[in-house]
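A.B. asks: Got a structure for you, questions after.
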Amino acid sequence: MTLEGVVHALRRIHRSLVPNGILFDLQPRGGPARVITGLGEIGSLDGREFFRDARATERLLAGLVREGLFAFEQEVAFRVESSFDSGEELVETARGFARTRISKRLAARVLRSPPPYRLSEPSSLRRYRALVTA
Amino acid sequence: MTWTIDPSSELGALAALGGLAGARVLEIGCGDGRLTREYAAASRSVLAIDSDREAIAKARASLPAELGRRVRFRVGNAVELEGPPAAFDAVFLSHSL
């Protein structure tokens with residue numbers, strides 16, 4: 001989605017909410033997903049492109065907060081844990097992620113590793129209040 | 001192949017921030033509905049959208065029958081949101097935008 005599209009979407013979201021309605025924003029935040037196998041934590045996915053775009057989106061939302069459309073209220077941080085039946089499945093899944101990569105070296109390590117196979121991704125949920133506008 | 005995402009941390013965070021109980025919810029980026037199925041029973045109604053047509057088909061297929069009257073899945077995205085203003089008490093952006 002383009003940055004213009006994000007702003008347009010956020011304005012549409014504000015319009016769709018009742019006055020003082022709630023916007024929950026659940027996103028990966030706080031760093032890349034850790035790759036964990038039977039050998040322990042063996043590396044991280046490369047999320048630089050994703051987080052670059054995420055920061056741009058957050059700046060746009062912050063702009064709408066300054067504009068008075070939304071008020072930030074609270075945030076809870078946590079980790080999302082994913083498990084896979086095999087190393088091949090983890091690698092294939094990671095290669096399908098948008099704007100996130102798994103390096104060839106890390107993929108090879110995963111494929112050589114014994115089970116279990118997991119991703120642990122830092123994330124957070126933010127709550128915003130839709131403010132009444134004139 | 002089984003890729004399992006534990007929903008407990010996300011649902012715990014939702015609960016910690018007030019949750020969606022009794023709310024008319026618009027979920028954007030619902031994917032295959034893995035979180036929708038978990039919170040919908042407590043909500044008043046849910047419109048869950050995702051741009052991935054295949055994911056929406058999976059979401060519809062895996063929706064428990066008892067939630068059928070409460071939850072609607074549609075192919076769509078936030079940019080194309082239409083409908084009357086002030087139709088929802090809460091919007092849940094799930095890994096979207």
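Going through the structure tokens in order, the chains are called A, B, and so on, while each chain numbers its residues from 1 and the ligands are numbered from 1 in the order shown.
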Could you list the residues in chain A lying within 9 Å of chain B, using only C-alpha atoms, and format the result as a PDB file with N, CA and C atoms, in the first residue's frame?

C.D. replies:
```pdb
ATOM      1  N   MET A   1       0.846  -1.188   0.000  1.00  0.00           N
ATOM      2  CA  MET A   1       0.000   0.000   0.000  1.00  0.00           C
ATOM      3  C   MET A   1       0.887   1.246   0.000  1.00  0.00           C
ATOM      4  N   GLY A   5      -2.121   5.874   0.278  1.00  0.00           N
ATOM      5  CA  GLY A   5      -3.177   4.897   0.546  1.00  0.00           C
ATOM      6  C   GLY A   5      -3.369   4.662   2.033  1.00  0.00           C
ATOM      7  N   VAL A   6      -2.273   4.665   2.778  1.00  0.00           N
ATOM      8  CA  VAL A   6      -2.350   4.466   4.229  1.00  0.00           C
ATOM      9  C   VAL A   6      -3.126   5.609   4.877  1.00  0.00           C
ATOM     10  N   VAL A   7      -2.803   6.836   4.483  1.00  0.00           N
ATOM     11  CA  VAL A   7      -3.513   7.993   5.052  1.00  0.00           C
ATOM     12  C   VAL A   7      -4.996   7.917   4.705  1.00  0.00           C
ATOM     13  N   HIS A   8      -5.273   7.585   3.442  1.00  0.00           N
ATOM     14  CA  HIS A   8      -6.657   7.455   2.998  1.00  0.00           C
ATOM     15  C   HIS A   8      -7.373   6.380   3.825  1.00  0.00           C
ATOM     16  N   ALA A   9      -6.701   5.254   4.038  1.00  0.00           N
ATOM     17  CA  ALA A   9      -7.306   4.154   4.802  1.00  0.00           C
ATOM     18  C   ALA A   9      -7.570   4.569   6.249  1.00  0.00           C
ATOM     19  N   LEU A  10      -6.617   5.267   6.843  1.00  0.00           N
ATOM     20  CA  LEU A  10      -6.802   5.685   8.241  1.00  0.00           C
ATOM     21  C   LEU A  10      -7.953   6.689   8.371  1.00  0.00           C
ATOM     22  N   ARG A  12     -10.557   6.725   6.393  1.00  0.00           N
ATOM     23  CA  ARG A  12     -11.775   5.909   6.223  1.00  0.00           C
ATOM     24  C   ARG A  12     -12.087   5.136   7.507  1.00  0.00           C
ATOM     25  N   ILE A  13     -11.046   4.660   8.165  1.00  0.00           N
ATOM     26  CA  ILE A  13     -11.241   3.938   9.425  1.00  0.00           C
ATOM     27  C   ILE A  13     -11.849   4.877  10.463  1.00  0.00           C
ATOM     28  N   HIS A  14     -11.324   6.099  10.535  1.00  0.00           N
ATOM     29  CA  HIS A  14     -11.878   7.066  11.486  1.00  0.00           C
ATOM     30  C   HIS A  14     -13.348   7.326  11.185  1.00  0.00           C
ATOM     31  N   ARG A  15     -13.670   7.451   9.912  1.00  0.00           N
ATOM     32  CA  ARG A  15     -15.061   7.700   9.513  1.00  0.00           C
ATOM     33  C   ARG A  15     -15.966   6.528   9.885  1.00  0.00           C
ATOM     34  N   SER A  16     -15.444   5.325   9.819  1.00  0.00           N
ATOM     35  CA  SER A  16     -16.268   4.141  10.076  1.00  0.00           C
ATOM     36  C   SER A  16     -16.502   3.900  11.559  1.00  0.00           C
ATOM     37  N   LEU A  17     -15.736   4.587  12.403  1.00  0.00           N
ATOM     38  CA  LEU A  17     -15.866   4.387  13.852  1.00  0.00           C
ATOM     39  C   LEU A  17     -16.883   5.351  14.461  1.00  0.00           C
ATOM     40  N   VAL A  18     -17.574   4.854  15.487  1.00  0.00           N
ATOM     41  CA  VAL A  18     -18.441   5.749  16.265  1.00  0.00           C
ATOM     42  C   VAL A  18     -17.553   6.761  16.993  1.00  0.00           C
ATOM     43  N   PRO A  19     -18.099   7.897  17.389  1.00  0.00           N
ATOM     44  CA  PRO A  19     -17.310   8.838  18.200  1.00  0.00           C
ATOM     45  C   PRO A  19     -16.774   8.126  19.441  1.00  0.00           C
ATOM     46  N   ASN A  20     -15.510   8.326  19.707  1.00  0.00           N
ATOM     47  CA  ASN A  20     -14.814   7.663  20.822  1.00  0.00           C
ATOM     48  C   ASN A  20     -14.657   6.162  20.626  1.00  0.00           C
ATOM     49  N   GLY A  21     -14.835   5.695  19.399  1.00  0.00           N
ATOM     50  CA  GLY A  21     -14.579   4.289  19.099  1.00  0.00           C
ATOM     51  C   GLY A  21     -13.096   3.970  19.230  1.00  0.00           C
ATOM     52  N   ILE A  22     -12.800   2.683  19.171  1.00  0.00           N
ATOM     53  CA  ILE A  22     -11.438   2.214  19.448  1.00  0.00           C
ATOM     54  C   ILE A  22     -10.775   1.698  18.177  1.00  0.00           C
ATOM     55  N   LEU A  23      -9.523   2.072  17.992  1.00  0.00           N
ATOM     56  CA  LEU A  23      -8.691   1.480  16.942  1.00  0.00           C
ATOM     57  C   LEU A  23      -7.604   0.666  17.618  1.00  0.00           C
ATOM     58  N   PHE A  24      -7.594  -0.639  17.364  1.00  0.00           N
ATOM     59  CA  PHE A  24      -6.512  -1.509  17.820  1.00  0.00           C
ATOM     60  C   PHE A  24      -5.560  -1.736  16.658  1.00  0.00           C
ATOM     61  N   ASP A  25      -4.283  -1.532  16.900  1.00  0.00           N
ATOM     62  CA  ASP A  25      -3.272  -1.715  15.860  1.00  0.00           C
ATOM     63  C   ASP A  25      -2.275  -2.771  16.324  1.00  0.00           C
ATOM     64  N   LEU A  26      -2.373  -3.953  15.722  1.00  0.00           N
ATOM     65  CA  LEU A  26      -1.497  -5.075  16.068  1.00  0.00           C
ATOM     66  C   LEU A  26      -0.434  -5.219  14.986  1.00  0.00           C
ATOM     67  N   GLN A  27       0.834  -5.092  15.379  1.00  0.00           N
ATOM     68  CA  GLN A  27       1.914  -5.154  14.397  1.00  0.00           C
ATOM     69  C   GLN A  27       3.151  -5.786  15.012  1.00  0.00           C
ATOM     70  N   PRO A  28       3.997  -6.399  14.181  1.00  0.00           N
ATOM     71  CA  PRO A  28       5.338  -6.747  14.650  1.00  0.00           C
ATOM     72  C   PRO A  28       6.086  -5.464  14.993  1.00  0.00           C
ATOM     73  N   ALA A  54       7.071   0.110   8.078  1.00  0.00           N
ATOM     74  CA  ALA A  54       6.253   0.214   9.291  1.00  0.00           C
ATOM     75  C   ALA A  54       6.494   1.553   9.986  1.00  0.00           C
ATOM     76  N   THR A  57       4.638   4.222   8.160  1.00  0.00           N
ATOM     77  CA  THR A  57       3.206   4.165   8.479  1.00  0.00           C
ATOM     78  C   THR A  57       2.940   4.749   9.867  1.00  0.00           C
ATOM     79  N   GLN A  74      -2.757   3.412  24.856  1.00  0.00           N
ATOM     80  CA  GLN A  74      -2.015   2.388  25.587  1.00  0.00           C
ATOM     81  C   GLN A  74      -1.362   1.407  24.619  1.00  0.00           C
ATOM     82  N   GLU A  75      -0.316   0.737  25.083  1.00  0.00           N
ATOM     83  CA  GLU A  75       0.368  -0.267  24.269  1.00  0.00           C
ATOM     84  C   GLU A  75       0.775  -1.437  25.149  1.00  0.00           C
ATOM     85  N   VAL A  76       0.628  -2.630  24.607  1.00  0.00           N
ATOM     86  CA  VAL A  76       1.078  -3.849  25.284  1.00  0.00           C
ATOM     87  C   VAL A  76       2.029  -4.570  24.338  1.00  0.00           C
ATOM     88  N   ALA A  77       3.205  -4.924  24.839  1.00  0.00           N
ATOM     89  CA  ALA A  77       4.187  -5.649  24.029  1.00  0.00           C
ATOM     90  C   ALA A  77       4.168  -7.133  24.394  1.00  0.00           C
ATOM     91  N   PHE A  78       4.437  -7.957  23.407  1.00  0.00           N
ATOM     92  CA  PHE A  78       4.420  -9.412  23.621  1.00  0.00           C
ATOM     93  C   PHE A  78       5.178 -10.063  22.478  1.00  0.00           C
ATOM     94  N   ARG A  79       5.281 -11.379  22.505  1.00  0.00           N
ATOM     95  CA  ARG A  79       5.914 -12.113  21.412  1.00  0.00           C
ATOM     96  C   ARG A  79       4.904 -13.074  20.803  1.00  0.00           C
ATOM     97  N   VAL A  80       4.874 -13.150  19.490  1.00  0.00           N
ATOM     98  CA  VAL A  80       4.042 -14.121  18.796  1.00  0.00           C
ATOM     99  C   VAL A  80       4.916 -15.335  18.478  1.00  0.00           C
ATOM    100  N   GLU A  81       4.474 -16.491  18.936  1.00  0.00           N
ATOM    101  CA  GLU A  81       5.255 -17.718  18.783  1.00  0.00           C
ATOM    102  C   GLU A  81       4.619 -18.602  17.708  1.00  0.00           C
ATOM    103  N   SER A  82       5.419 -18.976  16.712  1.00  0.00           N
ATOM    104  CA  SER A  82       4.959 -19.869  15.652  1.00  0.00           C
ATOM    105  C   SER A  82       5.784 -21.140  15.687  1.00  0.00           C
ATOM    106  N   SER A  83       5.156 -22.253  15.402  1.00  0.00           N
ATOM    107  CA  SER A  83       5.888 -23.519  15.365  1.00  0.00           C
ATOM    108  C   SER A  83       5.639 -24.220  14.034  1.00  0.00           C
ATOM    109  N   PHE A  84       6.617 -25.004  13.620  1.00  0.00           N
ATOM    110  CA  PHE A  84       6.583 -25.652  12.313  1.00  0.00           C
ATOM    111  C   PHE A  84       6.929 -27.130  12.473  1.00  0.00           C
ATOM    112  N   ASP A  85       6.366 -27.937  11.571  1.00  0.00           N
ATOM    113  CA  ASP A  85       6.630 -29.373  11.626  1.00  0.00           C
ATOM    114  C   ASP A  85       8.038 -29.722  11.176  1.00  0.00           C
ATOM    115  N   SER A  86       8.629 -28.875  10.334  1.00  0.00           N
ATOM    116  CA  SER A  86       9.951 -29.189   9.789  1.00  0.00           C
ATOM    117  C   SER A  86      10.718 -27.907   9.492  1.00  0.00           C
ATOM    118  N   GLU A  89       9.573 -26.428   6.216  1.00  0.00           N
ATOM    119  CA  GLU A  89       8.341 -25.646   6.323  1.00  0.00           C
ATOM    120  C   GLU A  89       8.639 -24.245   6.854  1.00  0.00           C
ATOM    121  N   LEU A  90       9.523 -24.157   7.839  1.00  0.00           N
ATOM    122  CA  LEU A  90       9.869 -22.833   8.366  1.00  0.00           C
ATOM    123  C   LEU A  90      10.500 -21.977   7.262  1.00  0.00           C
ATOM    124  N   THR A  93       7.949 -20.962   4.613  1.00  0.00           N
ATOM    125  CA  THR A  93       7.038 -19.944   5.137  1.00  0.00           C
ATOM    126  C   THR A  93       7.727 -18.590   5.206  1.00  0.00           C
ATOM    127  N   SER A 123       6.117  -8.220  19.057  1.00  0.00           N
ATOM    128  CA  SER A 123       4.961  -7.520  18.500  1.00  0.00           C
ATOM    129  C   SER A 123       4.365  -6.632  19.573  1.00  0.00           C
ATOM    130  N   SER A 124       3.432  -5.787  19.152  1.00  0.00           N
ATOM    131  CA  SER A 124       2.703  -5.031  20.169  1.00  0.00           C
ATOM    132  C   SER A 124       1.316  -4.689  19.653  1.00  0.00           C
ATOM    133  N   LEU A 125       0.454  -4.418  20.609  1.00  0.00           N
ATOM    134  CA  LEU A 125      -0.906  -3.965  20.312  1.00  0.00           C
ATOM    135  C   LEU A 125      -1.044  -2.563  20.875  1.00  0.00           C
ATOM    136  N   ARG A 126      -1.459  -1.641  20.030  1.00  0.00           N
ATOM    137  CA  ARG A 126      -1.683  -0.256  20.470  1.00  0.00           C
ATOM    138  C   ARG A 126      -3.167   0.067  20.395  1.00  0.00           C
ATOM    139  N   ARG A 127      -3.623   0.820  21.369  1.00  0.00           N
ATOM    140  CA  ARG A 127      -5.027   1.250  21.370  1.00  0.00           C
ATOM    141  C   ARG A 127      -5.117   2.752  21.177  1.00  0.00           C
TER     142      ARG A 127
END
```

A.B. asks: Please provide as a list in words all residues within 7 Å of A:Phe70, with the sequence filter that same-chain residues fewer than 6 positions apart are discarded (counting only C-alpha atoms).

C.D. replies: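 What passes the distance filter is Leu64, Tyr128, Arg129, Ala130 and Leu131 of chain A.
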
A.B. asks: Do a neighbour search on A:Pro115 at 8 Å with only C-alpha atoms, toss out local chain neighbours closer than 3 positions, and write the hits as a PyMOL selection string.

C.D. replies: chain A and resi 37-38+86-87

A.B. asks: Could you check how far atom CA of A:Arg109 sits from atom CA of A:Pro32, in Å to one decimal?

C.D. replies: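 Taking atom CA of A:Arg109 and atom CA of A:Pro32, their separation equals 17.4 Å.
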
A.B. asks: List every residue of stretch 1-65 of chain B that DSSP, applied to the backbone of this structure, assigns to strand (DSSP E), and report them as a PyMOL selection string.

C.D. replies: chain B and resi 3-5+24-28+45-50

A.B. asks: Could you go through chain B and tell me which residues DSSP, when run on the backbone, assigns to helix (DSSP H, G or I), listing them as a PyMOL selection string?

C.D. replies: chain B and resi 8-16+36-42+53-61+65-67+78-80

A.B. asks: Which residues are close to B:Arg53, i.e. within 12 Å by only C-alpha atoms, leaving aside same-chain residues fewer than 4 positions away? Reply as a short mmCIF file (atom, residue, chain, number, x, y, z; two decimals) with N, CA and C atoms, in the first residue's frame.

C.D. replies:
```cif
data_model
loop_
_atom_site.label_atom_id
_atom_site.label_comp_id
_atom_site.auth_asym_id
_atom_site.auth_seq_id
_atom_site.Cartn_x
_atom_site.Cartn_y
_atom_site.Cartn_z
N GLY B 29 -7.38 -7.16 7.67
CA GLY B 29 -6.22 -8.05 7.60
C GLY B 29 -6.45 -9.31 8.41
N CYS B 30 -7.62 -9.88 8.26
CA CYS B 30 -7.99 -11.04 9.10
C CYS B 30 -7.32 -12.32 8.66
N GLY B 31 -6.74 -12.34 7.45
CA GLY B 31 -6.12 -13.58 6.97
C GLY B 31 -7.13 -14.71 6.94
N ASP B 32 -6.72 -15.86 7.47
CA ASP B 32 -7.62 -17.02 7.47
C ASP B 32 -8.57 -17.02 8.66
N ILE B 49 -12.15 -8.43 6.95
CA ILE B 49 -11.77 -8.34 5.54
C ILE B 49 -10.28 -8.63 5.37
N ALA B 57 -11.50 -17.47 1.79
CA ALA B 57 -12.19 -18.75 1.58
C ALA B 57 -11.91 -19.70 2.74
N LYS B 58 -10.66 -19.73 3.18
CA LYS B 58 -10.32 -20.59 4.33
C LYS B 58 -11.03 -20.12 5.59
N ALA B 59 -11.08 -18.80 5.76
CA ALA B 59 -11.73 -18.25 6.95
C ALA B 59 -13.20 -18.65 6.98
N ARG B 60 -13.86 -18.53 5.84
CA ARG B 60 -15.29 -18.90 5.78
C ARG B 60 -15.47 -20.38 6.07
N PHE B 73 -17.12 -12.57 6.48
CA PHE B 73 -15.78 -12.41 5.88
C PHE B 73 -15.95 -11.87 4.47
N ARG B 74 -15.13 -10.90 4.12
CA ARG B 74 -15.18 -10.33 2.77
C ARG B 74 -13.78 -10.08 2.24
N VAL B 75 -13.62 -10.20 0.92
CA VAL B 75 -12.38 -9.81 0.28
C VAL B 75 -12.38 -8.29 0.18
N GLY B 76 -11.33 -7.65 0.67
CA GLY B 76 -11.26 -6.20 0.60
C GLY B 76 -10.06 -5.68 1.35
N ASN B 77 -9.88 -4.38 1.28
CA ASN B 77 -8.78 -3.77 2.02
C ASN B 77 -9.21 -2.41 2.58
#
```

A.B. asks: Please provide the set of residues having any atom within 12 Å of A:Lys104, restricted to only C-alpha atoms, with same-chain residues fewer than 2 positions apart removed, written as a ChimeraX atom specification.

C.D. replies: /A:43,45-46,91-92,94-95,101-102,106-111

A.B. asks: Please produce a file of those selected residues containing C-alpha atoms, as a short mmCIF file (atom, residue, chain, number, x, y, z; two decimals), in the first residue's frame.

C.D. replies:
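New file result08.cif:
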```cif
data_model
loop_
_atom_site.label_atom_id
_atom_site.label_comp_id
_atom_site.auth_asym_id
_atom_site.auth_seq_id
_atom_site.Cartn_x
_atom_site.Cartn_y
_atom_site.Cartn_z
CA GLY A 43 19.58 -16.19 13.89
CA LEU A 45 14.91 -12.95 9.79
CA ASP A 46 15.89 -9.83 7.89
CA VAL A 91 12.14 -21.79 5.49
CA GLU A 92 9.35 -21.98 2.92
CA ALA A 94 9.66 -17.30 5.84
CA ARG A 95 10.39 -16.97 2.10
CA ARG A 101 13.78 -12.25 4.08
CA ILE A 102 15.61 -15.27 5.35
CA LEU A 106 20.33 -18.98 7.92
CA ALA A 107 18.05 -21.13 5.75
CA ALA A 108 20.84 -23.68 5.38
CA ARG A 109 21.37 -23.71 9.15
CA VAL A 110 17.66 -24.29 9.72
CA LEU A 111 17.67 -27.20 7.29
#
```

A.B. asks: Using only C-alpha atoms, which of the listed residues (B:Arg34, B:Asp52, B:Ala21, B:Ala42) sits closest to B:Glu66?

C.D. replies: B:Ala42

A.B. asks: Go ahead and compute the interatomic distance for atom CA of A:Arg118 and atom CA of B:Ser62, in Å to one decimal.

C.D. replies: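 Those two atoms sit 24.3 Å apart.
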
A.B. asks: Just how far from atom CA of A:Ala98 is atom CA of A:Glu49, in Å to one decimal?

C.D. replies: 9.1 Å
